[in-house]
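J.: Can you keep this structure in mind? I'll have questions shortly.
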Amino acid sequence: MNEVLRSALSAKGLTAETLAARLGIDAKTVRRWDTEGRIPQARHRAAAAEALGKDVEELWPESFRRRDVAWFRPWREQELAAVSLRGFEIAVVPGLLQTEDYARAVLSSSPLHLDEVDRLVRIRMERQKAVFDRPRPPMCVFVLDQAVLMRGHRELMIPQLAHIIAMAERPNVFVHVIPLEAGVHPGLAGFALASMHDSPDVLWLDDQASGRLVSDPGQLASLTRVWDAVRGYALPRDLSIQLLKARPWLT
């Protein structure tokens, strides 16, 4: 039995039925979570942990031992609970838009063992499904510097560009490209913003070693202004898709 889950429910004055109602799922599903070894879907883990005021790792540690990279877990849970996601990249295609081959190429460029690369690629593909294939996927807005689309050999980038186009044509996905002609702009590093139903926005800021969550209001406001600025430099959605389809740098 999951004693941590039982204790958390009791502390909040909740039952399986009332938690299920809050999450909008069947009570039978929540009751199954009490079974040892039974792990909810990622989006349900994030929502339940938020409702119970617990870390997901505390409630279902097995899920992290099996999969996620430790330093990325905080953002992964925010991402799964978000109603909208906004991201900017100046160096690589965002992880949520990467093909398997592109993800493998990016991860293989770091000093990782082949087995670790394979594991991280699988995690990235599962992460995409968890975000885009859930019943109510978030609205996603991605801004990419055109230089991102020009980095990589032809055999790698043609299918990657086709995948970005296919994703950009989904009703809940918006891709905007900052053309080279825009010149210098405020974006200096990649970051992503997650917005929730009833809690403040959080931001994920990448660096060379790992990444970190930003929730401090002052820092968040400053980086949100950067987002607004880079979004202003980008082409509209339809013109961005036209540029992606024309891919003049690959002809």
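Chain lettering (A, B, ...) mirrors the order of the structure tokens, residue numbering begins at 1 for each chain separately, and ligand numbering begins at 1 in order of display.
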List as a list of chain:residue names the protein and nucleic acid residues near Leu250 in chain A, meaning an atom at most 9 Å away when only C-alpha atoms are counted, but skip any in the same chain fewer than 4 places from it.
T.: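 After dropping sequence-adjacent residues, the list is A:Met150, A:Arg154, A:Met157, A:Ile158, A:Ala246.
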J.: Apply DSSP to the backbone of this structure and, from range 72-140 of chain A, keep only the residues in strand (DSSP E); write these as a list in words.
T.: Ser84, Leu85, Arg86, Gly87, Phe88, Glu89, Met139 and Cys140 of chain A
J.: So which residues of range 102-230 of chain A fall under helix (DSSP H, G or I) by DSSP, listed as a PyMOL selection string?
T.: chain A and resi 102-108+114-132+146-149+154-168+180-182+217-230
J.: Using only C-alpha atoms, which residues sit within 12 Å of Arg212 in chain A once same-chain residues fewer than 3 positions away are excluded, as a ChimeraX atom specification?
T.: /A:70-76,190-193,202-209,215-216
J.: Mind checking which residues fall within 8 Å of Leu96 in chain A, counting only C-alpha atoms, ignoring those fewer than 3 positions away in the same chain, and posting them as an mmCIF file with N, CA, C and O atoms, in the first residue's frame?
T.:
```cif
data_model
loop_
_atom_site.group_PDB
_atom_site.id
_atom_site.type_symbol
_atom_site.label_atom_id
_atom_site.label_comp_id
_atom_site.auth_asym_id
_atom_site.auth_seq_id
_atom_site.Cartn_x
_atom_site.Cartn_y
_atom_site.Cartn_z
ATOM 1 N N ARG A 124 12.826 11.641 -23.745
ATOM 2 C CA ARG A 124 12.385 12.827 -24.484
ATOM 3 C C ARG A 124 11.169 12.522 -25.349
ATOM 4 O O ARG A 124 10.233 13.326 -25.431
ATOM 5 N N ARG A 127 8.230 12.217 -23.114
ATOM 6 C CA ARG A 127 7.862 13.559 -22.643
ATOM 7 C C ARG A 127 6.982 14.267 -23.675
ATOM 8 O O ARG A 127 5.979 14.899 -23.329
ATOM 9 N N GLN A 128 7.326 14.152 -24.938
ATOM 10 C CA GLN A 128 6.522 14.761 -25.994
ATOM 11 C C GLN A 128 5.099 14.195 -26.001
ATOM 12 O O GLN A 128 4.122 14.948 -26.094
#
```
J.: Excluding Asp55 in chain A and residues on its chain fewer than 2 positions from it, collect all residues at most 12 Å away from it, counting only C-alpha atoms, and give them as an MDAnalysis selection string.
T.: chainID A and resid 4:5 8 45:53 57:61 64 73:74 77:78
J.: Within 12 Å of Asn2 in chain A, counting only C-alpha atoms, which residues show up once you throw out same-chain ones fewer than 3 positions away? Write them as a ChimeraX atom specification, please.
T.: /A:5-9,30-39,58-62
J.: Just checking: using only C-alpha atoms, which residue out of A:Gly87, A:Pro236, A:Pro179, A:Gly211 ends up closest to Leu149 in chain A?
T.: A:Pro179
J.: Calculate how many Å separate CA of Asp238 in chain A from CA of Leu161 in chain A, rounding to one decimal.
T.: 15.0 Å
J.: For CA of Val214 in chain A and CA of Leu85 in chain A, determine how far apart the two atoms are, in Å to one decimal place.
T.: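 CA of Leu85 in chain A lies at a distance of 14.5 Å from CA of Val214 in chain A.
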J.: Kindly indicate which residue among A:Val173, A:Val141, A:Ala103, A:Ala27 lies nearest to Ile123 in chain A, using only C-alpha atoms for the distances.
T.: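 Counting only C-alpha atoms, the residue closest to Ile123 in chain A is A:Ala103.
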J.: Quick one: pull the distance between CA of Ser222 in chain A and CA of Phe132 in chain A, Å, one decimal.
T.: 28.4 Å
J.: May I have the residues within 9 Å of His163 in chain A as number ranges by chain, using only C-alpha atoms and disregarding those fewer than 5 positions away in the same chain?
T.: A: 97-99, 158, 168
J.: Just write the chosen residues, N, CA and C atoms, as a PDB file, in the first residue's frame.
T.:
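Output contents, as saved in again-v6.pdb:
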```
ATOM      1  N   LEU A  97       9.912  19.557 -29.689  1.00  0.00           N
ATOM      2  CA  LEU A  97       9.722  19.526 -31.140  1.00  0.00           C
ATOM      3  C   LEU A  97      10.754  18.667 -31.858  1.00  0.00           C
ATOM      4  N   GLN A  98      11.623  18.012 -31.117  1.00  0.00           N
ATOM      5  CA  GLN A  98      12.704  17.254 -31.747  1.00  0.00           C
ATOM      6  C   GLN A  98      12.230  15.893 -32.263  1.00  0.00           C
ATOM      7  N   THR A  99      12.772  15.513 -33.432  1.00  0.00           N
ATOM      8  CA  THR A  99      12.601  14.137 -33.894  1.00  0.00           C
ATOM      9  C   THR A  99      13.533  13.244 -33.082  1.00  0.00           C
ATOM     10  N   ILE A 158      16.273  17.986 -42.800  1.00  0.00           N
ATOM     11  CA  ILE A 158      15.073  17.938 -43.647  1.00  0.00           C
ATOM     12  C   ILE A 158      13.915  17.260 -42.919  1.00  0.00           C
ATOM     13  N   ALA A 168       3.557  22.558 -36.117  1.00  0.00           N
ATOM     14  CA  ALA A 168       3.098  23.941 -36.190  1.00  0.00           C
ATOM     15  C   ALA A 168       1.707  24.051 -36.799  1.00  0.00           C
TER      16      ALA A 168
END
```
J.: A:Ala221, A:Val177, A:Leu156, A:Ala162: which is nearest Ile90 in chain A, counting only C-alpha atoms?
T.: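 Selected residue with least distance to Ile90 in chain A: A:Val177.
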